[in-house]
Amino acid sequence: MNIGIIGTGNIASYLLEQINKLQRAEGQVIAIFGRNQEMGQQLSERFEADFYTDLQGFLDLPLDIVVEAATVEAAGIYVKHVVEHQKDLVVSSIGVFKDIAFLEELKRLAEAKGTHIYLPSGAIGGLDVLQSAKAADALDHVQITTRKSPASLGVEAEEEKVIFEGSAFEAVEKFPKNINVALVLAIAGIGAEKTKVRIIVDPDIEQNTHTIEAEGVFGRMELQVQNNPMPSNPKTSLLAALSILSVLQNRGSALRIGN
């Protein structure tokens with residue numbers, strides 16, 4: 001499996017380490033695309049993957065799958081081109097799909113091109129429960145409460161306080177770099193307008209915490225995940241990077257667990 005990565009940040013570096021150095025997935029990252037030439041060259045030399053600043057040259061390579069590991073803004077520019085070039089696609093910046101029409105457009109394009117789009121679970125769990133419940137309209141209520149440190153949220157606070165309550169759509173608009181989990185939860189469940197989000201800043205915590213609650217005809221679920229941050233970036237949970245690695249490990253597997 002030939003893998004390409006869009007982005008030169010912490011997640012890209014982590015995936016290169018896990019795949020090219022530690023061989024924790026079948027295949028190899030053969031190319032990196034990005035705008036940061038200094039970081040791109042460093043990653044290229046360290047992990048023996050070619051670095052490109054030209055998107056067309058990058059997509060002309062025999063890539064089986066491309067991982068977007070950049071920003072919401074970059075995802076909005078590049079992911080459609082990946083699918084148009086008949087590459088499977090992993091999207092880490094789920095916030096790009098706050099425009100649900102764009103997600104539907106990309107789905108139709110992938111169907112026409114015979115490719116697949118993967119949305120990793122990121123820093124949370126429970127998506128299989130929501131999808132199962134939604135299958136027969138058995139899901140009525142979904143809420144996520146996220147508790148993060150000031151450094152993780154990029155705000156200043158001396159005491160615990162609620163800084164946001166609203167819909168997943170509004171949360172992604174206000175915190176595009178911090179609350180991708182709310183949107184993937186919404187896509188798996190009852191939609192961005194109906195999914196409720198509560199964000200708490202807490203200067204005393206060391207782990208980002210997500211508590212997911214769901215109710216419906218199926219019953220009730222409450223799940224809490226306490227995440228360790230990536231050592232190189234307190235705004236990103238390690239589990240988010242691991243979820244992308246898991247997608248790559250399981251692509252094409254004869255055995256599927258869950259839905």
# chains A, B, ... in the order shown; residues from 1 in each chain; ligands from 1
$ residues_around --residues "Asp202 in chain A" --least-positions-apart "2" --cutoff "8 Å" --atoms "only C-alpha atoms" --output "PyMOL selection string"
chain A and resi 147-150+157+159-161+200+204-205
$ closest_atom_pairs --of "range 12-115 of chain A" --to "range 164-169 of chain A" --cutoff "12 Å" --atoms "only C-alpha atoms" --output "tab-separated table"
residue	atom	partner	partner_atom	distance
A:Ile94	CA	A:Phe169	CA	11.6
A:Gly95	CA	A:Phe169	CA	9.0
A:Val96	CA	A:Phe169	CA	11.1
A:Phe97	CA	A:Phe169	CA	9.6
A:Lys98	CA	A:Phe169	CA	6.2
A:Asp99	CA	A:Phe169	CA	8.8
A:Ile100	CA	A:Phe169	CA	9.9
$ closest_atom_pairs --of "range 201-250 of chain A" --to "range 118-141 of chain A" --cutoff "10 Å" --atoms "only C-alpha atoms" --output "CSV"
residue,atom,partner,partner_atom,distance
A:Asn208,CA,A:Ala123,CA,9.0
A:Thr209,CA,A:Ile124,CA,9.1
A:His210,CA,A:Ile124,CA,6.8
A:Thr211,CA,A:Ile124,CA,8.7
A:Ile212,CA,A:Gly126,CA,7.8
A:Glu213,CA,A:His141,CA,7.8
A:Ala214,CA,A:His141,CA,5.4
A:Glu215,CA,A:His141,CA,5.2
A:Gly216,CA,A:Leu139,CA,4.3
A:Val217,CA,A:Ala138,CA,4.7
A:Phe218,CA,A:Ala138,CA,5.7
A:Gly219,CA,A:Ala138,CA,8.6
A:Arg220,CA,A:Leu139,CA,9.4
A:Met221,CA,A:Val129,CA,8.2
A:Glu222,CA,A:Gly126,CA,8.9
A:Leu223,CA,A:Gly126,CA,7.1
A:Gln224,CA,A:Ile124,CA,8.3
A:Val225,CA,A:Ile124,CA,6.3
A:Gln226,CA,A:Ala123,CA,8.9
A:Asn227,CA,A:Ala123,CA,7.0
A:Asn228,CA,A:Ala123,CA,9.6
A:Pro229,CA,A:Ala123,CA,9.8
A:Thr236,CA,A:Ala123,CA,8.6
A:Ser237,CA,A:Ala123,CA,6.1
A:Leu238,CA,A:Ala123,CA,7.6
A:Leu239,CA,A:Ala123,CA,5.0
A:Ala240,CA,A:Gly122,CA,3.9
A:Ala241,CA,A:Gly122,CA,7.2
A:Leu242,CA,A:Gly122,CA,7.9
A:Ser243,CA,A:Gly122,CA,5.5
A:Ile244,CA,A:Pro120,CA,5.7
A:Leu245,CA,A:Pro120,CA,9.1
A:Ser246,CA,A:Pro120,CA,8.3
A:Val247,CA,A:Pro120,CA,6.8
A:Leu248,CA,A:Tyr118,CA,9.6
